[in-house]
file query-v2.csv (CSV, C-alpha atoms)
chain,number,residue,atom,x,y,z
C,1,MET,CA,27.6,6.4,29.4
C,2,PHE,CA,27.8,3.9,26.5
C,3,LYS,CA,31.5,3.0,26.8
C,4,ILE,CA,30.5,-0.6,27.0
C,5,PHE,CA,29.2,-0.3,23.4
C,6,GLU,CA,32.5,0.9,22.0
C,7,PRO,CA,33.3,-1.4,19.0
C,8,ASN,CA,36.9,-1.8,20.2
C,9,ARG,CA,35.8,-3.3,23.5
C,10,ILE,CA,32.9,-5.2,22.1
C,11,PHE,CA,34.9,-7.0,19.5
C,12,LEU,CA,37.1,-8.6,22.2
C,13,ILE,CA,33.9,-10.5,23.3
C,14,THR,CA,32.0,-10.9,20.0
C,15,SER,CA,35.0,-12.3,18.2
C,16,LYS,CA,35.3,-15.2,20.7
C,17,ALA,CA,31.7,-15.8,21.4
C,18,PRO,CA,30.4,-17.5,18.2
C,19,LYS,CA,32.1,-20.8,18.7
C,20,TYR,CA,30.6,-21.2,22.2
C,21,VAL,CA,27.2,-20.1,21.0
C,22,MET,CA,27.4,-22.5,18.0
C,23,SER,CA,28.2,-25.5,20.4
C,24,LEU,CA,25.3,-24.5,22.7
C,25,PHE,CA,22.9,-24.1,19.7
C,26,ILE,CA,23.7,-27.5,18.3
C,27,MET,CA,23.2,-29.1,21.8
C,28,VAL,CA,19.9,-27.4,22.4
C,29,LEU,CA,18.6,-28.0,18.8
C,30,ALA,CA,19.4,-31.7,19.1
C,31,ILE,CA,17.4,-32.0,22.3
C,32,GLY,CA,14.6,-29.8,20.8
C,33,LEU,CA,14.4,-32.0,17.7
C,34,VAL,CA,14.1,-35.2,19.7
C,35,GLU,CA,11.4,-33.7,21.8
C,36,ALA,CA,9.5,-32.1,18.9
C,37,LEU,CA,9.7,-35.0,16.5
C,38,ILE,CA,9.7,-38.1,18.7
C,39,LEU,CA,8.8,-37.5,22.4
C,40,SER,CA,6.0,-35.0,22.2
C,41,PRO,CA,2.4,-36.4,21.7
C,42,GLU,CA,0.3,-35.9,18.6
C,43,ASP,CA,-2.7,-33.5,18.9
C,44,TYR,CA,-6.2,-35.1,19.3
C,45,LYS,CA,-7.5,-33.0,16.4
C,46,GLN,CA,-4.5,-32.1,14.2
C,47,GLY,CA,-2.6,-35.4,14.6
C,48,HIS,CA,1.1,-35.3,13.9
C,49,SER,CA,0.8,-32.1,11.8
C,50,VAL,CA,0.9,-30.2,15.1
C,51,ARG,CA,4.7,-30.8,15.2
C,52,ILE,CA,5.1,-28.1,12.6
C,53,MET,CA,4.2,-25.7,15.5
C,54,TYR,CA,7.7,-26.4,17.0
C,55,VAL,CA,9.4,-24.6,14.1
C,56,HIS,CA,6.6,-22.2,13.0
C,57,VAL,CA,5.8,-20.5,16.4
C,58,PRO,CA,9.4,-19.9,17.6
C,59,SER,CA,10.3,-18.4,14.1
C,60,ALA,CA,7.3,-16.1,14.3
C,61,TRP,CA,8.1,-15.0,17.8
C,62,ILE,CA,11.7,-14.3,17.1
C,63,SER,CA,11.1,-12.4,13.8
C,64,LEU,CA,8.6,-10.1,15.7
C,65,GLY,CA,11.1,-9.7,18.6
C,66,ILE,CA,14.0,-8.9,16.3
C,67,PHE,CA,12.0,-6.2,14.4
C,68,SER,CA,10.9,-4.6,17.6
C,69,SER,CA,14.6,-4.6,18.8
C,70,ILE,CA,15.7,-3.1,15.5
C,71,THR,CA,13.2,-0.2,15.9
C,72,LEU,CA,14.2,0.4,19.5
C,73,LEU,CA,17.9,0.4,18.6
C,74,SER,CA,17.4,2.7,15.6
C,75,LEU,CA,15.5,5.2,17.8
C,76,SER,CA,18.1,4.9,20.5
C,77,GLY,CA,20.8,5.6,18.0
C,78,TYR,CA,19.1,8.9,17.2
C,79,VAL,CA,18.3,9.8,20.8
C,80,PHE,CA,21.8,9.0,22.2
C,81,ARG,CA,23.7,9.9,19.0
C,82,HIS,CA,25.5,6.6,19.0
C,83,LYS,CA,26.2,4.9,15.7
C,84,ASN,CA,26.9,1.5,17.2
C,85,PHE,CA,23.2,1.1,17.9
C,86,PHE,CA,22.6,1.3,14.1
C,87,LEU,CA,25.3,-1.3,13.5
C,88,ILE,CA,23.7,-3.7,16.0
C,89,ALA,CA,20.3,-3.1,14.5
C,90,LYS,CA,21.7,-3.8,11.0
C,91,SER,CA,23.4,-7.0,12.2
C,92,LEU,CA,20.1,-8.3,13.6
C,93,ALA,CA,18.1,-7.9,10.4
C,94,PRO,CA,19.3,-10.9,8.3
C,95,SER,CA,18.2,-13.5,10.9
C,96,GLY,CA,15.0,-11.6,11.5
C,97,LEU,CA,14.1,-11.8,7.8
C,98,VAL,CA,15.0,-15.5,7.6
C,99,PHE,CA,12.9,-16.3,10.7
C,100,ASN,CA,10.0,-14.3,9.1
C,101,ILE,CA,10.3,-16.4,5.9
C,102,VAL,CA,10.5,-19.6,7.9
C,103,ALA,CA,7.3,-18.6,9.8
C,104,LEU,CA,5.5,-17.9,6.5
C,105,VAL,CA,6.6,-21.0,4.7
C,106,THR,CA,6.1,-23.5,7.6
C,107,GLY,CA,2.7,-21.8,8.3
C,108,SER,CA,1.8,-22.4,4.7
C,109,ILE,CA,2.8,-26.1,4.9
C,110,TRP,CA,0.8,-26.4,8.2
C,111,GLY,CA,-2.2,-24.7,6.5
C,112,LYS,CA,-2.6,-27.4,3.9
C,113,PRO,CA,-3.5,-30.3,6.2
C,114,THR,CA,-5.3,-28.1,8.7
C,115,TRP,CA,-7.3,-25.6,6.6
C,116,GLY,CA,-7.1,-27.4,3.2
C,117,THR,CA,-5.2,-24.5,1.6
C,118,TRP,CA,-1.6,-23.4,1.3
C,119,TRP,CA,-2.4,-19.7,1.6
C,120,ALA,CA,-5.2,-17.4,2.7
C,121,TRP,CA,-5.3,-13.7,2.7
C,122,ASP,CA,-6.3,-13.5,6.3
C,123,ALA,CA,-5.2,-10.8,8.7
C,124,ARG,CA,-2.5,-12.7,10.6
C,125,ILE,CA,-0.8,-14.2,7.5
C,126,THR,CA,-1.1,-11.0,5.4
C,127,SER,CA,0.4,-8.9,8.2
C,128,MET,CA,3.3,-11.3,8.6
C,129,LEU,CA,3.9,-11.0,4.8
C,130,VAL,CA,3.9,-7.2,5.3
C,131,LEU,CA,6.5,-7.6,8.0
C,132,ALA,CA,8.7,-9.5,5.6
C,133,ILE,CA,8.4,-6.6,3.1
C,134,PHE,CA,9.6,-4.2,5.8
C,135,TYR,CA,12.5,-6.4,6.6
C,136,LEU,CA,13.4,-6.5,2.9
C,137,LEU,CA,13.1,-2.7,2.6
C,138,TYR,CA,15.3,-2.2,5.6
C,139,LEU,CA,18.0,-4.5,4.2
C,140,VAL,CA,17.8,-3.1,0.7
C,141,ALA,CA,18.1,0.5,2.1
C,142,TRP,CA,21.3,-0.5,3.8
C,143,ARG,CA,22.6,-2.0,0.6
C,144,ILE,CA,21.7,1.0,-1.5
C,145,TYR,CA,22.6,3.8,0.9
C,146,GLY,CA,25.2,2.0,3.0
C,147,ASP,CA,27.9,4.5,2.5
C,148,LYS,CA,25.8,7.7,2.8
C,149,ASP,CA,24.7,9.5,6.0
C,150,LYS,CA,21.1,9.4,5.0
C,151,VAL,CA,21.0,5.6,5.5
C,152,LEU,CA,20.4,6.1,9.2
C,153,LYS,CA,17.4,8.3,8.6
C,154,ILE,CA,15.9,6.1,5.9
C,155,THR,CA,16.3,2.8,7.8
C,156,THR,CA,14.9,4.4,11.0
C,157,LEU,CA,11.9,5.7,9.1
C,158,ILE,CA,11.3,2.1,7.7
C,159,THR,CA,11.4,0.7,11.2
C,160,ILE,CA,9.0,3.3,12.5
C,161,PHE,CA,6.5,2.5,9.8
C,162,GLY,CA,7.1,-1.2,10.3
C,163,ILE,CA,6.6,-1.2,14.0
C,164,VAL,CA,3.0,-0.1,13.5
C,165,ASN,CA,2.5,-3.6,12.0
C,166,ILE,CA,3.7,-5.5,15.1
C,167,PRO,CA,0.5,-4.9,17.2
C,168,ILE,CA,-1.6,-5.6,14.1
C,169,ILE,CA,0.1,-9.0,13.8
C,170,LYS,CA,-0.3,-9.7,17.5
C,171,TYR,CA,-4.0,-8.8,17.8
C,172,SER,CA,-5.1,-9.6,14.3
C,173,VAL,CA,-6.6,-12.9,15.5
C,174,GLU,CA,-8.7,-11.0,18.1
C,175,TRP,CA,-9.7,-7.9,16.1
C,176,TRP,CA,-10.8,-9.8,13.0
C,177,ASN,CA,-12.4,-13.2,12.2
C,178,THR,CA,-9.4,-15.0,10.9
C,179,LEU,CA,-8.6,-18.5,9.7
C,180,HIS,CA,-5.5,-18.4,11.9
C,181,GLN,CA,-6.1,-19.7,15.5
C,182,PRO,CA,-5.8,-17.3,18.5
C,183,ALA,CA,-2.7,-17.5,20.7
C,184,SER,CA,-2.4,-20.6,22.8
C,185,ILE,CA,0.2,-19.1,25.1
C,186,ASN,CA,-0.3,-16.0,27.2
C,187,LEU,CA,2.3,-14.7,29.6
C,188,MET,CA,-0.5,-13.1,31.8
C,189,SER,CA,-2.7,-16.2,32.1
C,190,LYS,CA,-2.7,-19.9,32.0
C,191,SER,CA,-1.6,-21.4,28.7
C,192,ALA,CA,-4.0,-23.4,26.6
C,193,ILE,CA,-1.3,-25.8,25.7
C,194,HIS,CA,-0.3,-29.0,27.6
C,195,SER,CA,3.1,-29.1,29.3
C,196,SER,CA,4.1,-32.1,27.1
C,197,MET,CA,3.8,-29.7,24.1
C,198,LEU,CA,5.0,-26.6,25.9
C,199,LEU,CA,8.4,-28.1,26.8
C,200,PRO,CA,9.5,-28.8,23.2
C,201,LEU,CA,8.2,-25.4,22.2
C,202,ILE,CA,10.3,-23.7,24.8
C,203,ILE,CA,13.4,-25.8,23.9
C,204,MET,CA,13.0,-25.0,20.2
C,205,THR,CA,12.5,-21.3,21.0
C,206,ALA,CA,15.7,-21.4,23.0
C,207,ALA,CA,17.5,-23.1,20.1
C,208,PHE,CA,16.2,-20.6,17.5
C,209,ALA,CA,17.2,-17.7,19.8
C,210,LEU,CA,20.7,-19.1,20.1
C,211,PHE,CA,20.9,-19.3,16.3
C,212,SER,CA,19.8,-15.7,15.9
C,213,LEU,CA,22.4,-14.7,18.4
C,214,LEU,CA,25.1,-16.7,16.5
C,215,ILE,CA,24.1,-15.0,13.2
C,216,PHE,CA,24.0,-11.6,14.9
C,217,LEU,CA,27.5,-12.1,16.3
C,218,MET,CA,29.0,-13.2,13.0
C,219,LYS,CA,27.3,-10.3,11.1
C,220,TYR,CA,28.3,-7.8,13.7
C,221,ASN,CA,31.9,-8.9,13.6
C,222,THR,CA,31.8,-8.6,9.8
C,223,GLU,CA,30.5,-5.1,10.1
C,224,LEU,CA,33.2,-4.1,12.5
C,225,ILE,CA,35.9,-5.5,10.2
C,226,LYS,CA,34.3,-3.6,7.4
C,227,LEU,CA,34.7,-0.4,9.5
C,228,LYS,CA,38.3,-1.2,10.3
C,229,ASN,CA,39.0,-1.8,6.6
C,230,LYS,CA,37.8,1.8,6.0
C,231,GLY,CA,40.0,2.9,8.9
C,232,LEU,CA,43.1,1.3,7.2
C,233,ASP,CA,42.3,3.2,4.0
C,234,ARG,CA,42.4,6.5,5.9
C,235,LEU,CA,45.7,5.9,7.6
P,3,MET,CA,9.3,-47.6,14.1
P,4,ILE,CA,11.3,-45.8,11.4
P,5,SER,CA,8.5,-45.9,8.9
P,6,GLU,CA,6.0,-44.7,11.5
P,7,LEU,CA,8.3,-41.8,12.3
P,8,LEU,CA,8.7,-41.0,8.6
P,9,ASN,CA,5.0,-41.4,7.7
P,10,MET,CA,3.4,-39.9,10.8
P,11,ASN,CA,-0.1,-41.2,9.9
P,12,GLY,CA,0.0,-39.4,6.6
P,13,TYR,CA,1.3,-36.1,7.9
P,14,GLY,CA,5.0,-37.0,7.4
P,15,LEU,CA,5.4,-35.1,4.1
P,16,TYR,CA,4.2,-31.9,5.7
P,17,VAL,CA,6.1,-32.2,9.0
P,18,TRP,CA,9.4,-33.3,7.4
P,19,SER,CA,9.2,-30.6,4.7
P,20,ALA,CA,8.6,-27.9,7.3
P,21,PHE,CA,11.6,-29.0,9.4
P,22,SER,CA,13.8,-29.5,6.3
P,23,PHE,CA,12.9,-26.1,5.0
P,24,THR,CA,13.8,-24.5,8.4
P,25,LEU,CA,17.2,-26.3,8.7
P,26,LEU,CA,18.0,-25.5,5.1
P,27,SER,CA,17.2,-21.8,5.6
P,28,PHE,CA,19.5,-21.8,8.7
P,29,THR,CA,22.3,-23.5,6.8
P,30,THR,CA,22.0,-21.1,3.9
P,31,LEU,CA,22.0,-18.1,6.1
P,32,PHE,CA,25.0,-19.4,8.1
P,33,ILE,CA,27.1,-20.0,5.0
P,34,PHE,CA,26.1,-16.6,3.5
P,35,ILE,CA,27.2,-14.7,6.6
P,36,LYS,CA,30.3,-16.8,7.0
P,37,VAL,CA,31.4,-16.1,3.4
P,38,GLN,CA,30.8,-12.3,4.0
P,39,TYR,CA,32.9,-12.5,7.2
P,40,ASN,CA,35.8,-14.4,5.5
P,41,LYS,CA,35.8,-11.9,2.6
P,42,GLU,CA,36.0,-8.9,4.8
P,43,ARG,CA,38.7,-10.5,7.0
P,44,ASP,CA,40.8,-11.5,4.0
P,45,LYS,CA,40.5,-7.9,2.7
P,46,PHE,CA,41.6,-6.6,6.1
P,47,ILE,CA,44.6,-9.0,6.2
P,48,ALA,CA,45.7,-8.0,2.6
P,49,LYS,CA,45.4,-4.2,3.4
P,50,TYR,CA,47.2,-4.6,6.7
P,51,GLY,CA,50.0,-6.5,5.0
P,52,ALA,CA,50.4,-3.8,2.4
P,53,LEU,CA,50.9,-1.0,5.0
P,54,ASP,CA,54.3,0.7,5.2
P,55,THR,CA,56.3,0.5,8.5
P,56,GLN,CA,55.0,3.8,9.8
P,57,LYS,CA,51.3,3.1,9.2
P,58,ALA,CA,51.7,-0.5,10.4
P,59,LYS,CA,53.1,0.9,13.7
P,60,ILE,CA,50.0,3.1,14.1
P,61,ALA,CA,47.6,0.3,13.2
P,62,ARG,CA,49.3,-2.1,15.7
P,63,THR,CA,48.4,0.2,18.6
P,64,GLN,CA,44.7,-0.7,18.2
P,65,ILE,CA,43.8,-3.9,20.0
P,66,ILE,CA,40.9,-4.6,17.7
P,67,ASN,CA,43.3,-4.9,14.7
P,68,GLN,CA,45.4,-7.5,16.5
P,69,GLU,CA,42.2,-9.3,17.4
P,70,ILE,CA,41.0,-9.4,13.8
P,71,LEU,CA,44.4,-10.7,12.6
P,72,SER,CA,44.4,-13.5,15.2
P,73,SER,CA,40.6,-13.8,14.9
P,74,SER,CA,39.3,-16.6,17.0
P,75,GLN,CA,35.9,-16.8,15.3
P,76,SER,CA,37.0,-20.2,14.0
P,77,ILE,CA,33.7,-21.7,13.1
call {"tool": "encode", "arguments": {"input": "query-v2.csv", "output": "structure tokens"}}
result
Amino acid sequence: MFKIFEPNRIFLITSKAPKYVMSLFIMVLAIGLVEALILSPEDYKQGHSVRIMYVHVPSAWISLGIFSSITLLSLSGYVFRHKNFFLIAKSLAPSGLVFNIVALVTGSIWGKPTWGTWWAWDARITSMLVLAIFYLLYLVAWRIYGDKDKVLKITTLITIFGIVNIPIIKYSVEWWNTLHQPASINLMSKSAIHSSMLLPLIIMTAAFALFSLLIFLMKYNTELIKLKNKGLDRL
Amino acid sequence: MISELLNMNGYGLYVWSAFSFTLLSFTTLFIFIKVQYNKERDKFIAKYGALDTQKAKIARTQIINQEILSSSQSI
């Protein structure tokens, strides 16, 4: 059923893909930066500080998406007894953590001119910090128990506990009275954001998604070569 | 024009530091992963080169090994 996920087959594609993804990423990022820093208008309330949104929001979205994918892959690994799912999940984690950190730091920088403070222990910000801790725990578990069988169990448990935090992050601005503003973009209804700002946001999200794909491919190839190194030892 | 772009009505410091931090994080992560990749690939090449004829023959039957040796991830 999962022959398509066989490392030997997958490597034929993943070893060639990074250079194309890299070229596409640079092109989309260049367009996104021009749109975000020059062409898009300033906000009538926040002025030019609104431009921070073009790095802050895509980073937050992608870090949430990656953690959800890691959980789904880890659980699928158990259900279908396929180790490659765990390998894919492990390869996604580094970019997820970096996007999480970028979302926290750029959010903090945005907070200073907007709220007058670098940091507030409000529900959205704190739950994003908790997500970063789960990412760290996940990566540290792989580093500590990487060569032992129990690593699959430990990392899956971490993702199961961590996934509980995802809806908390998403709905924290509705459940509690937070300093953080509610979502301006909703897939189910009309966005509260003007198209002149939505376009750069979409382009920057595409650029960041391409970057996470690039890092995933490079990390996954590294993991496959690591496996092959072990295979050579066993010959 | 340039000073306007840099200053952004007093918000320049915040905007540019947010964008700079993002790009710096991306570059650091890219270099870190690239170094890991090169290290594993070099280790593989060294091990593969040290195989005796019999083992090398077995290793050659796997396409993935050939692919790693000729690895086209040239970025």
call {"tool": "interface_residues", "arguments": {"input": "query-v2.csv", "of": "chain P", "to": "chain C", "cutoff": "8 Å", "atoms": "all atoms listed in the file", "output": "PyMOL selection string"}}
result
chain P and resi 7+10-11+13-14+16-17+19-21+23-24+27-28+31-32+35-36+38-39+42-43+45-46+49-50+57+61+65-67+69-70+73-77
call {"tool": "write_last_selection", "arguments": {"input": "query-v2.csv", "atoms": "C-alpha atoms", "output": "PDB file, in the frame of the given file"}}
result
ATOM      1  CA  LEU P   7       8.300 -41.800  12.300  1.00  0.00           C
ATOM      2  CA  MET P  10       3.400 -39.900  10.800  1.00  0.00           C
ATOM      3  CA  ASN P  11      -0.100 -41.200   9.900  1.00  0.00           C
ATOM      4  CA  TYR P  13       1.300 -36.100   7.900  1.00  0.00           C
ATOM      5  CA  GLY P  14       5.000 -37.000   7.400  1.00  0.00           C
ATOM      6  CA  TYR P  16       4.200 -31.900   5.700  1.00  0.00           C
ATOM      7  CA  VAL P  17       6.100 -32.200   9.000  1.00  0.00           C
ATOM      8  CA  SER P  19       9.200 -30.600   4.700  1.00  0.00           C
ATOM      9  CA  ALA P  20       8.600 -27.900   7.300  1.00  0.00           C
ATOM     10  CA  PHE P  21      11.600 -29.000   9.400  1.00  0.00           C
ATOM     11  CA  PHE P  23      12.900 -26.100   5.000  1.00  0.00           C
ATOM     12  CA  THR P  24      13.800 -24.500   8.400  1.00  0.00           C
ATOM     13  CA  SER P  27      17.200 -21.800   5.600  1.00  0.00           C
ATOM     14  CA  PHE P  28      19.500 -21.800   8.700  1.00  0.00           C
ATOM     15  CA  LEU P  31      22.000 -18.100   6.100  1.00  0.00           C
ATOM     16  CA  PHE P  32      25.000 -19.400   8.100  1.00  0.00           C
ATOM     17  CA  ILE P  35      27.200 -14.700   6.600  1.00  0.00           C
ATOM     18  CA  LYS P  36      30.300 -16.800   7.000  1.00  0.00           C
ATOM     19  CA  GLN P  38      30.800 -12.300   4.000  1.00  0.00           C
ATOM     20  CA  TYR P  39      32.900 -12.500   7.200  1.00  0.00           C
ATOM     21  CA  GLU P  42      36.000  -8.900   4.800  1.00  0.00           C
ATOM     22  CA  ARG P  43      38.700 -10.500   7.000  1.00  0.00           C
ATOM     23  CA  LYS P  45      40.500  -7.900   2.700  1.00  0.00           C
ATOM     24  CA  PHE P  46      41.600  -6.600   6.100  1.00  0.00           C
ATOM     25  CA  LYS P  49      45.400  -4.200   3.400  1.00  0.00           C
ATOM     26  CA  TYR P  50      47.200  -4.600   6.700  1.00  0.00           C
ATOM     27  CA  LYS P  57      51.300   3.100   9.200  1.00  0.00           C
ATOM     28  CA  ALA P  61      47.600   0.300  13.200  1.00  0.00           C
ATOM     29  CA  ILE P  65      43.800  -3.900  20.000  1.00  0.00           C
ATOM     30  CA  ILE P  66      40.900  -4.600  17.700  1.00  0.00           C
ATOM     31  CA  ASN P  67      43.300  -4.900  14.700  1.00  0.00           C
ATOM     32  CA  GLU P  69      42.200  -9.300  17.400  1.00  0.00           C
ATOM     33  CA  ILE P  70      41.000  -9.400  13.800  1.00  0.00           C
ATOM     34  CA  SER P  73      40.600 -13.800  14.900  1.00  0.00           C
ATOM     35  CA  SER P  74      39.300 -16.600  17.000  1.00  0.00           C
ATOM     36  CA  GLN P  75      35.900 -16.800  15.300  1.00  0.00           C
ATOM     37  CA  SER P  76      37.000 -20.200  14.000  1.00  0.00           C
ATOM     38  CA  ILE P  77      33.700 -21.700  13.100  1.00  0.00           C
TER      39      ILE P  77
END
call {"tool": "residues_around", "arguments": {"input": "query-v2.csv", "residues": "Ser74 in chain C", "least_positions_apart": "6", "cutoff": "12 Å", "atoms": "all atoms listed in the file", "output": "PyMOL selection string"}}
result
chain C and resi 67-68+80-93+138+151-160+163
call {"tool": "atom_distance", "arguments": {"input": "query-v2.csv", "atom1": "CA of Thr126 in chain C", "atom2": "CA of Leu97 in chain C"}}
result
15.4 Å
call {"tool": "closest_residue", "arguments": {"input": "query-v2.csv", "among": "P:Leu26, P:Gly12, P:Gln56, P:Leu71", "to": "Asn40 in chain P", "atoms": "all atoms listed in the file"}}
result
P:Leu71
call {"tool": "atom_distance", "arguments": {"input": "query-v2.csv", "atom1": "CA of Leu73 in chain C", "atom2": "CA of Ala132 in chain C"}}
result
18.8 Å
call {"tool": "residues_around", "arguments": {"input": "query-v2.csv", "residues": "Ala206 in chain C", "least_positions_apart": "4", "cutoff": "8 Å", "atoms": "all atoms listed in the file", "output": "list in words"}}
result
Val28, Ile202 and Leu210 of chain C
call {"tool": "atom_distance", "arguments": {"input": "query-v2.csv", "atom1": "CA of Leu8 in chain P", "atom2": "CA of Leu39 in chain C"}}
result
14.2 Å
